[in-house]
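K.L.:
One structure, as structure tokens, below. Some questions next.
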Amino acid sequence: MIDIIVTKVYDHDCDICKHMSRHDRATFDSFPEVRYQEVSLDEITQPGDTAKPNTYALIAKLLEKYALNPDYTVDLPVYMMLSKKGDYLGHHVGKATIVELRDRVKSVLEKGLE
């Protein structure tokens with residue numbers, strides 16, 4: 001049963017995003033309760049014809065509310081953690097170890113079980 005949907009927001013030119021790609025999918029996929037997906041920042045800010053407008057609009061809104069810096073920039077990558085209904089559960093920004101990502105998912109799962 002999927003309890004959390006993790007969406008990685010990244011940029012193709014982001015070195016930290018590339019670094020995180022080495023282990024983020026495998027880390028999130030190791031949890032049966034988690035579905036993992038990726039979307040580039042360009043897709044959110046300039047959605048094309050094949051875009052998922054409702055999903056991208058929700059991610060953009062949550063990025064603005066929870067991950068926006070005071071200078072209106074976003075540090076990448078951002079891992080947005082949502083319920084199946086689209087409720088915000090948490091996020092992680094920037095570089096992390098496998099252990100840090102796993103702990104963040106565990107923390108969000110535990111909160112959801114309370």
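Here, A, B, ... name the chains of the structure tokens in the order displayed, residue numbers run from 1 inside each chain, and ligands are numbered from 1 in the same displayed order.
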For Ile5 of chain A, work out the shell of residues within 7 Å, counting only C-alpha atoms and skipping chain neighbours fewer than 3 positions away, then give it as a PyMOL selection string.

P.N.:
chain A and resi 34-36+81-84

K.L.:
Export, as a PDB file, in the first residue's frame, the selected residues with N, CA and C atoms.

P.N.:
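Saved the output as selection-v1.pdb:
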ATOM      1  N   VAL A  34       6.195   3.792  -0.305  1.00  0.00           N
ATOM      2  CA  VAL A  34       6.576   5.017  -0.997  1.00  0.00           C
ATOM      3  C   VAL A  34       6.572   4.812  -2.509  1.00  0.00           C
ATOM      4  N   ARG A  35       5.970   5.771  -3.202  1.00  0.00           N
ATOM      5  CA  ARG A  35       6.112   5.837  -4.662  1.00  0.00           C
ATOM      6  C   ARG A  35       6.978   7.048  -4.963  1.00  0.00           C
ATOM      7  N   TYR A  36       7.968   6.857  -5.814  1.00  0.00           N
ATOM      8  CA  TYR A  36       8.937   7.908  -6.119  1.00  0.00           C
ATOM      9  C   TYR A  36       8.774   8.355  -7.561  1.00  0.00           C
ATOM     10  N   MET A  81       7.202  15.366  -0.010  1.00  0.00           N
ATOM     11  CA  MET A  81       6.556  14.146   0.470  1.00  0.00           C
ATOM     12  C   MET A  81       5.082  14.451   0.720  1.00  0.00           C
ATOM     13  N   LEU A  82       4.240  13.759  -0.046  1.00  0.00           N
ATOM     14  CA  LEU A  82       2.808  14.014   0.005  1.00  0.00           C
ATOM     15  C   LEU A  82       2.049  12.722   0.262  1.00  0.00           C
ATOM     16  N   SER A  83       0.851  12.868   0.818  1.00  0.00           N
ATOM     17  CA  SER A  83      -0.040  11.721   0.925  1.00  0.00           C
ATOM     18  C   SER A  83      -0.635  11.448  -0.448  1.00  0.00           C
ATOM     19  N   LYS A  84      -1.308  10.325  -0.585  1.00  0.00           N
ATOM     20  CA  LYS A  84      -1.967   9.999  -1.855  1.00  0.00           C
ATOM     21  C   LYS A  84      -3.000  11.056  -2.232  1.00  0.00           C
TER      22      LYS A  84
END

K.L.:
Using DSSP on the backbone coordinates, identify the residues of chain A assigned to strand (DSSP E); present them as a ChimeraX atom specification.

P.N.:
/A:4-10,34-40,78-82,88-93

K.L.:
Using DSSP on the backbone coordinates, identify all residues within segment 57-112 of chain A classified as helix (DSSP H, G or I); present the result as a VMD selection string.

P.N.:
chain A and resid 57 to 67 98 to 112

K.L.:
For segment 85-90 of chain A, please output as a PyMOL selection string all residues within 9 Å (counting only C-alpha atoms; exclusion window: fewer than 5 positions along the same chain).

P.N.:
chain A and resi 4-5+55+58+62+66+79-80+104+108-109+111-112

K.L.:
Could you list, as a PDB file with N, CA and C atoms, in the first residue's frame, every residue within 9 Å of His23 of chain A, counting only C-alpha atoms and ignoring same-chain residues fewer than 4 positions away?

P.N.:
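Just written: out10.pdb:
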ATOM      1  N   HIS A  19      24.428  14.326  -8.161  1.00  0.00           N
ATOM      2  CA  HIS A  19      25.022  13.520  -7.089  1.00  0.00           C
ATOM      3  C   HIS A  19      23.944  12.684  -6.387  1.00  0.00           C
ATOM      4  N   THR A  27      16.923   4.409  -2.700  1.00  0.00           N
ATOM      5  CA  THR A  27      16.580   4.622  -1.294  1.00  0.00           C
ATOM      6  C   THR A  27      15.065   4.685  -1.102  1.00  0.00           C
ATOM      7  N   PHE A  28      14.392   5.502  -1.896  1.00  0.00           N
ATOM      8  CA  PHE A  28      12.940   5.623  -1.750  1.00  0.00           C
ATOM      9  C   PHE A  28      12.213   4.353  -2.182  1.00  0.00           C
ATOM     10  N   THR A  97      22.767  12.019   2.752  1.00  0.00           N
ATOM     11  CA  THR A  97      23.268  10.652   2.656  1.00  0.00           C
ATOM     12  C   THR A  97      22.073   9.716   2.523  1.00  0.00           C
ATOM     13  N   ILE A  98      22.354   8.477   2.197  1.00  0.00           N
ATOM     14  CA  ILE A  98      21.295   7.474   2.136  1.00  0.00           C
ATOM     15  C   ILE A  98      20.613   7.365   3.492  1.00  0.00           C
TER      16      ILE A  98
END

K.L.:
From the list A:Ala26, A:Leu68, A:Leu76, A:Ala60, which residue is nearest Asp11 of chain A when using only C-alpha atoms?

P.N.:
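Closest to Asp11 of chain A of all the choices is A:Leu76.
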
K.L.:
Choose the residue, out of A:Asp3, A:Asp75, A:Glu38, A:Glu110, that has the smallest atom-to-atom separation from His92 of chain A; count only C-alpha atoms.

P.N.:
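Under the stated criterion, the closest residue is A:Asp75.
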
K.L.:
Quote the spacing between atom CA of Leu63 of chain A and atom CA of Asp42 of chain A in Å to one decimal place.

P.N.:
13.5 Å

K.L.:
In Å, with one decimal, what is the gap from atom CA of Tyr10 of chain A to atom CA of Val39 of chain A?

P.N.:
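The value is 6.6 Å.
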
K.L.:
So how many Å separate atom CA of Ala57 of chain A and atom CA of Ile16 of chain A, to one decimal?

P.N.:
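These two atoms are separated by 24.3 Å.
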
K.L.:
Measuring atom to atom with only C-alpha atoms, identify which of A:His91, A:Arg102, A:Lys52, A:Lys61 is nearest to Asp24 of chain A.

P.N.:
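Counting only C-alpha atoms, the residue closest to Asp24 of chain A is A:Arg102.
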